[in-house]
file model-v1.tsv (TSV, C-alpha atoms)
chain	number	residue	atom	x	y	z
A	57	MET	CA	-62.09	-12.82	-57.26
A	58	ILE	CA	-58.61	-11.52	-56.60
A	59	ARG	CA	-57.86	-8.09	-55.08
A	60	SER	CA	-57.44	-6.25	-58.38
A	61	GLU	CA	-60.87	-7.53	-59.52
A	62	ILE	CA	-62.44	-6.25	-56.31
A	63	LEU	CA	-60.78	-2.86	-56.74
A	64	ARG	CA	-62.04	-2.65	-60.31
A	65	ASP	CA	-65.50	-3.58	-59.07
A	66	ILE	CA	-65.63	-1.00	-56.27
A	67	ALA	CA	-63.74	1.84	-58.01
A	68	PRO	CA	-66.95	3.78	-58.81
A	69	ILE	CA	-67.97	3.56	-55.15
A	70	LEU	CA	-64.55	4.68	-53.94
A	71	ASN	CA	-64.25	7.50	-56.47
A	72	PRO	CA	-66.09	10.34	-54.69
A	73	HIS	CA	-64.43	9.58	-51.34
A	74	LEU	CA	-61.02	10.04	-49.78
A	75	VAL	CA	-59.06	6.80	-50.08
A	76	VAL	CA	-55.84	5.85	-48.30
A	77	CYS	CA	-54.42	2.85	-50.12
A	78	ASN	CA	-52.01	0.26	-48.85
A	79	ILE	CA	-48.39	-0.07	-49.98
A	80	GLY	CA	-47.40	-2.11	-53.01
A	81	LEU	CA	-49.77	-3.79	-55.42
A	82	PRO	CA	-53.02	-2.40	-53.94
A	83	SER	CA	-51.88	1.17	-54.60
A	84	GLN	CA	-50.48	0.23	-58.00
A	85	GLU	CA	-53.76	-1.42	-58.94
A	86	LEU	CA	-55.91	1.49	-57.74
A	87	HIS	CA	-53.59	3.90	-59.53
A	88	MET	CA	-54.06	1.95	-62.78
A	89	ILE	CA	-57.83	1.51	-62.38
A	90	ASP	CA	-58.86	5.01	-61.27
A	91	ASP	CA	-56.09	7.46	-60.51
A	92	ASN	CA	-57.50	10.64	-59.02
A	93	GLU	CA	-56.58	13.30	-56.49
A	94	ARG	CA	-58.73	11.75	-53.77
A	95	ASN	CA	-56.43	8.73	-53.63
A	96	PHE	CA	-53.45	8.74	-51.28
A	97	TYR	CA	-51.00	6.08	-52.40
A	98	MET	CA	-48.65	4.64	-49.83
A	99	LEU	CA	-45.25	4.03	-51.38
A	100	GLY	CA	-43.77	2.55	-48.21
A	101	THR	CA	-44.47	2.07	-44.51
A	102	MET	CA	-46.28	-1.27	-44.46
A	103	GLY	CA	-49.10	-1.45	-41.94
A	104	LEU	CA	-50.02	2.19	-41.56
A	105	SER	CA	-52.86	2.56	-44.09
A	106	SER	CA	-55.36	2.08	-41.27
A	107	SER	CA	-53.63	4.59	-38.97
A	108	ILE	CA	-53.13	7.25	-41.67
A	109	GLY	CA	-56.74	6.97	-42.79
A	110	PHE	CA	-57.98	7.05	-39.23
A	111	GLY	CA	-55.91	10.14	-38.40
A	112	LEU	CA	-57.35	11.80	-41.50
A	113	ALA	CA	-60.90	10.85	-40.53
A	114	MET	CA	-60.48	12.30	-37.05
A	115	ALA	CA	-59.11	15.57	-38.45
A	116	GLN	CA	-61.93	16.43	-40.87
A	117	ASP	CA	-65.50	15.46	-41.78
A	118	LYS	CA	-65.31	13.81	-45.20
A	119	THR	CA	-65.67	10.05	-45.50
A	120	VAL	CA	-62.32	8.25	-45.50
A	121	ILE	CA	-61.82	4.69	-46.71
A	122	SER	CA	-58.58	2.96	-45.81
A	123	ILE	CA	-57.85	0.02	-48.06
A	124	ASP	CA	-55.72	-2.45	-46.20
A	125	GLY	CA	-54.67	-6.07	-46.52
A	126	ASP	CA	-54.74	-8.89	-44.02
A	127	GLY	CA	-50.94	-8.98	-43.91
A	128	SER	CA	-50.69	-5.24	-43.31
A	129	VAL	CA	-53.32	-5.31	-40.59
A	130	LEU	CA	-51.34	-8.06	-38.88
A	131	THR	CA	-48.29	-5.78	-39.04
A	132	ASN	CA	-50.13	-3.03	-37.15
A	133	LEU	CA	-52.72	-4.88	-35.05
A	134	GLY	CA	-52.17	-2.40	-32.23
A	135	THR	CA	-54.07	0.28	-34.09
A	136	LEU	CA	-57.39	-1.61	-33.88
A	137	PRO	CA	-57.89	-0.71	-30.19
A	138	THR	CA	-57.01	2.90	-31.02
A	139	ILE	CA	-59.65	2.90	-33.75
A	140	ALA	CA	-62.21	1.17	-31.53
A	141	ASN	CA	-61.77	3.59	-28.65
A	142	ASN	CA	-61.78	6.85	-30.65
A	143	VAL	CA	-64.78	6.33	-32.91
A	144	ALA	CA	-64.87	8.43	-36.08
A	145	ASP	CA	-68.08	7.72	-37.96
A	146	ASN	CA	-66.62	8.97	-41.25
A	147	PHE	CA	-64.05	6.15	-41.24
A	148	ILE	CA	-64.22	2.81	-43.01
A	149	LEU	CA	-61.44	0.25	-42.84
A	150	LEU	CA	-61.71	-2.11	-45.80
A	151	ILE	CA	-59.50	-5.13	-45.22
A	152	ILE	CA	-59.06	-7.15	-48.38
A	153	ASP	CA	-58.31	-10.52	-46.86
A	154	ASN	CA	-56.75	-12.89	-49.36
A	155	GLY	CA	-54.82	-14.81	-46.71
A	156	SER	CA	-51.49	-13.89	-48.24
A	157	TYR	CA	-48.77	-11.28	-48.51
A	158	GLY	CA	-49.57	-10.47	-52.14
A	159	SER	CA	-46.91	-7.87	-52.90
A	160	THR	CA	-44.08	-10.11	-51.74
A	161	GLY	CA	-45.03	-13.25	-53.57
A	162	ASP	CA	-48.20	-14.58	-51.95
A	163	GLN	CA	-46.62	-16.05	-48.85
A	164	PRO	CA	-49.46	-17.19	-46.54
A	165	THR	CA	-50.51	-14.98	-43.62
A	166	TYR	CA	-51.87	-16.20	-40.31
A	167	ALA	CA	-55.17	-14.57	-41.31
A	168	GLY	CA	-55.45	-17.32	-43.90
A	169	LYS	CA	-54.96	-19.91	-41.18
A	170	LYS	CA	-56.40	-19.79	-37.66
A	171	THR	CA	-56.51	-16.03	-37.07
A	172	LYS	CA	-59.78	-14.29	-37.88
A	173	LEU	CA	-59.30	-10.55	-38.27
A	174	GLU	CA	-63.03	-9.93	-37.80
A	175	ASN	CA	-62.77	-11.56	-34.39
A	176	VAL	CA	-59.65	-9.57	-33.58
A	177	ALA	CA	-61.39	-6.31	-34.52
A	178	THR	CA	-64.43	-7.21	-32.45
A	179	ALA	CA	-62.28	-8.19	-29.47
A	180	CYS	CA	-60.49	-4.84	-29.77
A	181	GLY	CA	-63.83	-3.11	-29.32
A	182	CYS	CA	-64.79	-2.24	-32.88
A	183	GLU	CA	-68.58	-2.12	-33.04
A	184	ASN	CA	-69.48	-2.50	-36.70
A	185	VAL	CA	-67.46	-5.36	-38.11
A	186	VAL	CA	-68.78	-6.87	-41.32
A	187	VAL	CA	-67.47	-9.91	-43.14
A	188	CYS	CA	-68.31	-10.32	-46.79
A	189	GLN	CA	-67.34	-12.36	-49.79
A	190	ASP	CA	-65.37	-10.71	-52.61
A	191	VAL	CA	-68.38	-10.36	-54.92
A	192	ASP	CA	-70.34	-8.53	-52.22
A	193	THR	CA	-67.64	-5.99	-51.38
A	194	GLY	CA	-69.24	-3.18	-53.38
A	195	LYS	CA	-72.67	-3.39	-51.79
A	196	THR	CA	-71.14	-3.91	-48.33
A	197	LEU	CA	-68.93	-0.85	-48.78
A	198	GLN	CA	-71.81	1.27	-50.05
A	199	ALA	CA	-73.95	0.21	-47.08
A	200	ALA	CA	-71.14	1.16	-44.70
A	201	ILE	CA	-70.78	4.58	-46.33
A	202	ASP	CA	-74.53	5.15	-46.19
A	203	SER	CA	-74.72	4.06	-42.54
A	204	LYS	CA	-72.44	6.93	-41.43
A	205	LYS	CA	-71.10	4.59	-38.75
A	206	MET	CA	-67.47	3.66	-38.42
A	207	THR	CA	-67.20	0.23	-40.02
A	208	ILE	CA	-64.56	-2.44	-40.39
A	209	ILE	CA	-65.11	-4.61	-43.47
A	210	VAL	CA	-63.26	-7.87	-43.97
A	211	SER	CA	-63.64	-8.94	-47.58
A	212	LYS	CA	-62.61	-12.53	-48.18
A	213	CYS	CA	-61.12	-13.17	-51.57
A	214	ASP	CA	-58.65	-15.27	-53.51
A	215	SER	CA	-54.92	-14.82	-53.49
A	216	GLY	CA	-53.32	-13.63	-56.71
A	217	ASN	CA	-51.79	-10.69	-58.48
A	218	ILE	CA	-51.61	-9.00	-61.85
A	219	LYS	CA	-48.40	-7.59	-63.26
A	220	LEU	CA	-48.18	-3.81	-63.33
A	221	PRO	CA	-45.56	-1.12	-62.92
A	222	VAL	CA	-44.61	0.72	-59.74
A	223	ILE	CA	-45.99	4.20	-59.12
A	224	THR	CA	-43.41	6.75	-60.19
A	225	MET	CA	-45.37	9.83	-59.09
A	226	ASP	CA	-43.38	11.90	-56.60
A	227	PRO	CA	-44.64	11.40	-53.02
A	228	VAL	CA	-44.88	15.14	-52.41
A	229	VAL	CA	-47.07	15.44	-55.51
A	230	ILE	CA	-49.30	12.61	-54.26
A	231	ARG	CA	-49.56	14.28	-50.87
A	232	ASP	CA	-50.06	17.82	-52.18
A	233	ARG	CA	-52.86	17.00	-54.61
A	234	PHE	CA	-54.49	14.79	-51.97
A	235	MET	CA	-54.43	17.60	-49.40
A	236	LYS	CA	-56.01	19.95	-51.95
A	237	ALA	CA	-58.76	17.38	-52.51
A	238	VAL	CA	-59.26	17.04	-48.76
A	239	ALA	CA	-59.55	20.80	-48.37
A	240	SER	CA	-61.79	21.37	-51.42
B	1371	MET	CA	-46.43	28.15	-14.26
B	1372	SER	CA	-45.52	24.46	-14.44
B	1373	ILE	CA	-43.17	23.36	-17.20
B	1374	SER	CA	-45.81	20.94	-18.50
B	1375	LYS	CA	-48.32	23.77	-18.83
B	1376	LYS	CA	-45.77	25.98	-20.54
B	1377	ILE	CA	-44.94	23.27	-23.08
B	1378	VAL	CA	-48.59	22.67	-23.91
B	1379	ASP	CA	-49.22	26.42	-24.08
B	1380	ASP	CA	-46.54	26.59	-26.78
B	1381	PHE	CA	-48.20	23.76	-28.69
B	1382	VAL	CA	-51.56	25.52	-28.54
B	1383	ALA	CA	-50.05	28.89	-29.48
B	1384	ASN	CA	-48.59	27.22	-32.58
B	1385	ASP	CA	-51.96	25.76	-33.53
B	1386	VAL	CA	-50.97	22.18	-32.77
B	1387	SER	CA	-54.38	20.60	-32.39
B	1388	PHE	CA	-53.76	16.85	-32.76
B	1389	ILE	CA	-51.38	15.11	-30.38
B	1390	THR	CA	-50.75	11.42	-30.00
B	1391	THR	CA	-48.90	10.07	-27.00
B	1392	VAL	CA	-47.24	6.91	-25.76
B	1393	PRO	CA	-46.86	6.94	-21.99
B	1394	CYS	CA	-43.72	7.86	-20.11
B	1395	LYS	CA	-43.19	8.57	-16.45
B	1396	GLN	CA	-41.30	11.76	-17.19
B	1397	LEU	CA	-43.88	12.99	-19.67
B	1398	ALA	CA	-46.89	12.13	-17.49
B	1399	GLY	CA	-47.51	15.77	-16.56
B	1400	VAL	CA	-47.40	16.91	-20.18
B	1401	ILE	CA	-49.69	14.09	-21.29
B	1402	GLU	CA	-52.16	14.99	-18.54
B	1403	GLU	CA	-52.05	18.62	-19.64
B	1404	VAL	CA	-52.54	17.67	-23.31
B	1405	ASP	CA	-55.55	15.60	-22.36
B	1406	ALA	CA	-57.08	18.47	-20.40
B	1407	ARG	CA	-56.93	21.06	-23.19
B	1408	PRO	CA	-60.08	21.51	-25.28
B	1409	GLU	CA	-57.97	22.93	-28.14
B	1410	ILE	CA	-56.16	19.61	-28.56
B	1411	HIS	CA	-57.52	16.32	-29.87
B	1412	HIS	CA	-55.55	13.79	-27.83
B	1413	VAL	CA	-55.37	10.23	-29.15
B	1414	PRO	CA	-53.15	7.82	-27.24
B	1415	SER	CA	-51.29	5.32	-29.47
B	1416	ASN	CA	-50.21	1.80	-28.73
B	1417	LYS	CA	-46.95	2.13	-30.62
B	1418	GLU	CA	-45.02	5.12	-31.89
B	1419	ASP	CA	-45.01	4.21	-35.59
B	1420	GLU	CA	-48.79	3.86	-35.39
B	1421	GLY	CA	-48.83	7.32	-33.81
B	1422	MET	CA	-46.81	8.74	-36.67
B	1423	GLY	CA	-49.35	7.28	-39.08
B	1424	LEU	CA	-52.16	9.01	-37.17
B	1425	CYS	CA	-50.18	12.26	-37.29
B	1426	ALA	CA	-49.63	11.94	-41.05
B	1427	GLY	CA	-53.37	11.53	-41.56
B	1428	ALA	CA	-54.22	14.39	-39.21
B	1429	PHE	CA	-51.77	16.65	-41.04
B	1430	MET	CA	-53.36	15.83	-44.40
B	1431	GLY	CA	-56.71	16.55	-42.80
B	1432	GLY	CA	-55.60	20.09	-42.02
B	1433	LYS	CA	-54.44	19.77	-38.42
B	1434	ARG	CA	-50.98	20.46	-37.05
B	1435	PRO	CA	-49.90	17.25	-35.31
B	1436	ALA	CA	-47.32	16.31	-32.69
B	1437	ILE	CA	-46.16	13.11	-31.04
B	1438	ILE	CA	-45.03	12.64	-27.45
B	1439	MET	CA	-42.90	9.52	-26.88
B	1440	GLN	CA	-39.78	7.98	-25.33
B	1441	ASN	CA	-36.42	7.80	-27.04
B	1442	THR	CA	-36.47	4.02	-26.65
B	1443	ALA	CA	-38.98	4.04	-29.52
B	1444	ILE	CA	-36.65	5.71	-32.01
B	1445	GLY	CA	-35.70	2.27	-33.33
B	1446	VAL	CA	-39.25	1.22	-34.16
B	1447	THR	CA	-40.06	4.50	-35.89
B	1448	LEU	CA	-37.11	4.83	-38.27
B	1449	ASN	CA	-38.83	3.24	-41.25
B	1450	THR	CA	-41.91	5.39	-40.72
B	1451	LEU	CA	-39.86	8.55	-40.34
B	1452	ALA	CA	-37.98	7.82	-43.58
B	1453	THR	CA	-40.73	6.43	-45.81
B	1454	LEU	CA	-43.73	8.43	-44.59
B	1455	THR	CA	-42.90	11.60	-42.68
B	1456	GLN	CA	-39.76	12.53	-44.61
B	1457	PHE	CA	-40.59	10.98	-48.00
B	1458	TYR	CA	-43.91	12.86	-48.21
B	1459	ARG	CA	-42.42	15.96	-46.54
B	1460	MET	CA	-44.63	16.28	-43.50
B	1461	PRO	CA	-43.96	18.28	-40.35
B	1462	LEU	CA	-43.84	16.42	-37.05
B	1463	PRO	CA	-42.66	17.82	-33.73
B	1464	MET	CA	-41.54	14.91	-31.56
B	1465	LEU	CA	-41.40	15.70	-27.86
B	1466	ILE	CA	-39.22	12.88	-26.56
B	1467	SER	CA	-38.23	11.87	-23.05
B	1468	TYR	CA	-34.51	11.19	-23.19
B	1469	ARG	CA	-34.25	8.17	-20.94
B	1470	GLY	CA	-30.83	6.73	-20.12
B	1471	GLU	CA	-29.11	10.06	-19.52
B	1472	LEU	CA	-27.67	11.47	-16.26
B	1473	ARG	CA	-29.69	10.47	-13.15
B	1474	GLU	CA	-31.11	7.41	-14.94
B	1475	PRO	CA	-31.70	4.54	-12.50
B	1476	VAL	CA	-32.40	1.80	-15.10
B	1477	ALA	CA	-29.31	0.49	-16.87
B	1478	CYS	CA	-31.16	-0.85	-19.88
B	1479	GLN	CA	-32.38	2.65	-20.76
B	1480	VAL	CA	-28.77	3.64	-21.41
B	1481	GLU	CA	-28.53	1.12	-24.22
B	1482	MET	CA	-30.87	3.15	-26.47
B	1483	ALA	CA	-29.75	6.49	-25.06
B	1484	VAL	CA	-26.27	6.00	-26.52
B	1485	HIS	CA	-27.80	5.48	-29.97
B	1486	THR	CA	-30.46	8.17	-29.81
B	1487	LYS	CA	-28.57	11.21	-31.09
B	1488	ALA	CA	-26.55	9.13	-33.57
B	1489	LEU	CA	-29.73	7.72	-35.14
B	1490	LEU	CA	-31.44	11.12	-35.27
B	1491	ASN	CA	-28.29	12.54	-36.83
B	1492	GLN	CA	-28.07	9.69	-39.35
B	1493	PHE	CA	-31.68	10.41	-40.36
B	1494	LEU	CA	-30.92	14.15	-40.70
B	1495	ILE	CA	-33.58	14.99	-38.14
B	1496	PRO	CA	-33.03	18.40	-36.54
B	1497	THR	CA	-32.55	17.67	-32.84
B	1498	TYR	CA	-32.78	19.91	-29.77
B	1499	HIS	CA	-31.82	18.80	-26.28
B	1500	PHE	CA	-33.55	20.31	-23.23
B	1501	HIS	CA	-31.32	19.85	-20.18
B	1502	LYS	CA	-32.27	22.87	-18.05
B	1503	GLU	CA	-35.78	24.21	-17.62
B	1504	SER	CA	-34.86	27.46	-19.38
B	1505	ASP	CA	-34.01	25.42	-22.52
B	1506	ALA	CA	-37.76	25.13	-23.05
B	1507	ASP	CA	-37.82	28.84	-23.86
B	1508	GLU	CA	-36.86	27.73	-27.38
B	1509	LEU	CA	-39.86	25.44	-27.86
B	1510	ASP	CA	-41.96	28.14	-29.53
B	1511	ALA	CA	-39.21	28.78	-32.08
B	1512	ILE	CA	-38.65	25.04	-32.59
B	1513	LEU	CA	-42.34	24.50	-33.37
B	1514	LYS	CA	-42.36	27.40	-35.83
B	1515	TYR	CA	-39.21	25.95	-37.43
B	1516	THR	CA	-40.81	22.48	-37.72
B	1517	PHE	CA	-43.89	23.73	-39.56
B	1518	MET	CA	-41.80	26.05	-41.73
B	1519	ALA	CA	-39.45	23.24	-42.77
B	1520	ASN	CA	-42.08	20.45	-43.13
B	1521	LYS	CA	-39.79	17.99	-41.40
B	1522	PRO	CA	-39.80	15.78	-38.33
B	1523	VAL	CA	-37.94	17.54	-35.53
B	1524	ALA	CA	-36.83	15.93	-32.27
B	1525	ILE	CA	-36.93	17.62	-28.88
B	1526	LEU	CA	-35.06	15.46	-26.37
B	1527	THR	CA	-35.94	16.20	-22.75
B	1528	ASP	CA	-33.67	14.53	-20.20
B	1529	ALA	CA	-34.09	13.71	-16.51
B	1530	SER	CA	-32.31	16.87	-15.37
B	1531	PHE	CA	-34.83	18.90	-17.36
B	1532	TRP	CA	-37.69	17.15	-15.59
B	1533	GLY	CA	-36.05	17.41	-12.16
B	1534	GLY	CA	-34.94	13.82	-11.80
B	1535	TYR	CA	-36.94	10.67	-11.29
B	1536	GLY	CA	-38.18	11.29	-7.78
B	1537	ASP	CA	-38.45	8.28	-5.49
B	1538	GLN	CA	-37.63	5.27	-7.56

call {"tool": "encode", "arguments": {"input": "model-v1.tsv", "output": "structure tokens"}}
result
Amino acid sequence: MIRSEILRDIAPILNPHLVVCNIGLPSQELHMIDDNERNFYMLGTMGLSSSIGFGLAMAQDKTVISIDGDGSVLTNLGTLPTIANNVADNFILLIIDNGSYGSTGDQPTYAGKKTKLENVATACGCENVVVCQDVDTGKTLQAAIDSKKMTIIVSKCDSGNIKLPVITMDPVVIRDRFMKAVAS
Amino acid sequence: MSISKKIVDDFVANDVSFITTVPCKQLAGVIEEVDARPEIHHVPSNKEDEGMGLCAGAFMGGKRPAIIMQNTAIGVTLNTLATLTQFYRMPLPMLISYRGELREPVACQVEMAVHTKALLNQFLIPTYHFHKESDADELDAILKYTFMANKPVAILTDASFWGGYGDQ
């Protein structure tokens, strides 16, 4: 499975929850599959999906799922110790690990070579780190939500993209409707 | 009252309840005070752009955030300031130690100090410079301005403001 197939597969599981979605194709794909006010689309700022979602989780009680990529996590590895040392049990970091920088043309990442993000997360002190295959992402995510324990999921999948347009929604509109959903 | 306590009192009075910090010798007293206050959720960051991401999330979660950092980090936060904090119109008070100004003992600090105000100006970030202790009397108004305007706002605090570097 490629990332867009995983997102289509898990969209019903994501739907009731607050989702912070990574820059580029992941946000475009989620926007196409199930646009709703509980989705926060990143239009820039590669690497910060994990940090934004984690800040949101620490600030309120609803479940927050940050959808990140292996390349973006590598960009902001320093946030994993922050996450590990300030546990928020309403936070799930879902790393869709296709071993490539999808939005920029599928250049390989080091996560697709020797570097194992699950080992990095564990070494940083994260306590519930789960590795799954693409087809099992939905049930792994649902189990993490049900556990009410902060969980890092590394979902291994194939590299590849579908063609779709950029998100043209104004960022302030994305942010405002998201904040209303958070507060509701 | 110590200046660190006064600064944190102003944060608390303005309902700032989530603060992320990256260490600095000059800001050590403020960071210690932030950590001691039950009204504030203090989360140290490993890098300032990460901290701005945490602040963006905390803001969307209903908290008023702030970041405490050194001016040497302005360079690594520019993309985040432009594409996250400013693009989505979020407020962010940035209490910044202004290294590389008068009384600075480390030459390398000057290299970012000479760019600090120019970069903040280029990014249209309202900037206040605390040089004397009484300059901090404006902090309350600056915080109110920040959350009124929904913008990042920089508060540069130099060595003279903090009383020098001590024995170094």

call {"tool": "closest_residue", "arguments": {"input": "model-v1.tsv", "among": "A:Ile208, A:Ala113, A:Ala144, A:Val222", "to": "A:Cys180", "atoms": "all atoms listed in the file"}}
result
A:Ile208

call {"tool": "closest_atom_pairs", "arguments": {"input": "model-v1.tsv", "of": "chain B", "to": "chain A", "cutoff": "6 Å", "atoms": "all atoms listed in the file", "output": "JSON lines"}}
result
{"residue": "B:Asn1416", "atom": "CA", "partner": "A:Gly134", "partner_atom": "CA", "distance": 5.8}
{"residue": "B:Gly1423", "atom": "CA", "partner": "A:Ile108", "partner_atom": "CA", "distance": 4.6}
{"residue": "B:Leu1424", "atom": "CA", "partner": "A:Gly111", "partner_atom": "CA", "distance": 4.1}
{"residue": "B:Ala1426", "atom": "CA", "partner": "A:Ile108", "partner_atom": "CA", "distance": 5.9}
{"residue": "B:Gly1427", "atom": "CA", "partner": "A:Leu112", "partner_atom": "CA", "distance": 4.0}
{"residue": "B:Ala1428", "atom": "CA", "partner": "A:Gly111", "partner_atom": "CA", "distance": 4.6}
{"residue": "B:Met1430", "atom": "CA", "partner": "A:Met235", "partner_atom": "CA", "distance": 5.4}
{"residue": "B:Gly1431", "atom": "CA", "partner": "A:Leu112", "partner_atom": "CA", "distance": 5.0}
{"residue": "B:Thr1450", "atom": "CA", "partner": "A:Thr101", "partner_atom": "CA", "distance": 5.7}
{"residue": "B:Thr1453", "atom": "CA", "partner": "A:Gly100", "partner_atom": "CA", "distance": 5.5}
{"residue": "B:Tyr1458", "atom": "CA", "partner": "A:Val228", "partner_atom": "CA", "distance": 4.9}

call {"tool": "atom_distance", "arguments": {"input": "model-v1.tsv", "atom1": "atom CA of B:Pro1496", "atom2": "atom CA of B:Ile1512"}}
result
9.6 Å

call {"tool": "atom_distance", "arguments": {"input": "model-v1.tsv", "atom1": "atom CA of B:Cys1425", "atom2": "atom CA of A:Arg59"}}
result
28.1 Å

call {"tool": "residues_around", "arguments": {"input": "model-v1.tsv", "residues": "A:Ile151", "least_positions_apart": "2", "cutoff": "10 Å", "atoms": "all atoms listed in the file", "output": "list in words"}}
result
Asn78, Ser106, Ser122, Ile123, Asp124, Gly125, Asp126, Gly127, Ser128, Val129, Ile148, Leu149, Asp153, Asn154, Leu173, Glu174, Val187, Ile208, Ile209, Val210, Ser211 and Lys212 of chain A

call {"tool": "decode", "arguments": {"input": "model-v1.tsv", "residues": "stretch 1458-1470 of chain B", "atoms": "N, CA and C atoms", "output": "compact mmCIF listing (two decimals), in the first residue's frame"}}
result
# COMPACT_ATOMS: atom_id res chain seq x y z
N TYR B 1458 -0.69 31.41 9.68
CA TYR B 1458 -1.96 31.01 10.32
C TYR B 1458 -2.45 32.05 11.33
N ARG B 1459 -1.75 33.17 11.40
CA ARG B 1459 -2.09 34.26 12.32
C ARG B 1459 -2.23 33.78 13.77
N MET B 1460 -1.12 33.49 14.36
CA MET B 1460 -1.12 33.04 15.75
C MET B 1460 -0.27 34.00 16.59
N PRO B 1461 -0.70 34.25 17.82
CA PRO B 1461 0.10 35.11 18.70
C PRO B 1461 1.27 34.34 19.31
N LEU B 1462 2.40 35.00 19.46
CA LEU B 1462 3.53 34.34 20.11
C LEU B 1462 4.48 35.38 20.71
N PRO B 1463 4.38 35.62 22.01
CA PRO B 1463 5.41 36.45 22.64
C PRO B 1463 6.73 35.67 22.69
N MET B 1464 7.80 36.33 22.24
CA MET B 1464 9.12 35.69 22.25
C MET B 1464 10.02 36.51 23.15
N LEU B 1465 10.30 35.97 24.33
CA LEU B 1465 11.23 36.64 25.24
C LEU B 1465 12.63 36.15 24.88
N ILE B 1466 13.45 37.07 24.39
CA ILE B 1466 14.71 36.69 23.75
C ILE B 1466 15.89 37.34 24.46
N SER B 1467 16.89 36.53 24.81
CA SER B 1467 18.12 37.14 25.33
C SER B 1467 18.92 37.65 24.12
N TYR B 1468 19.30 38.92 24.21
CA TYR B 1468 19.96 39.58 23.09
C TYR B 1468 21.46 39.49 23.30
N ARG B 1469 21.99 38.31 22.98
CA ARG B 1469 23.43 38.10 23.11
C ARG B 1469 24.17 38.91 22.05
N GLY B 1470 25.44 39.22 22.34
CA GLY B 1470 26.26 39.92 21.35
C GLY B 1470 26.12 41.42 21.38
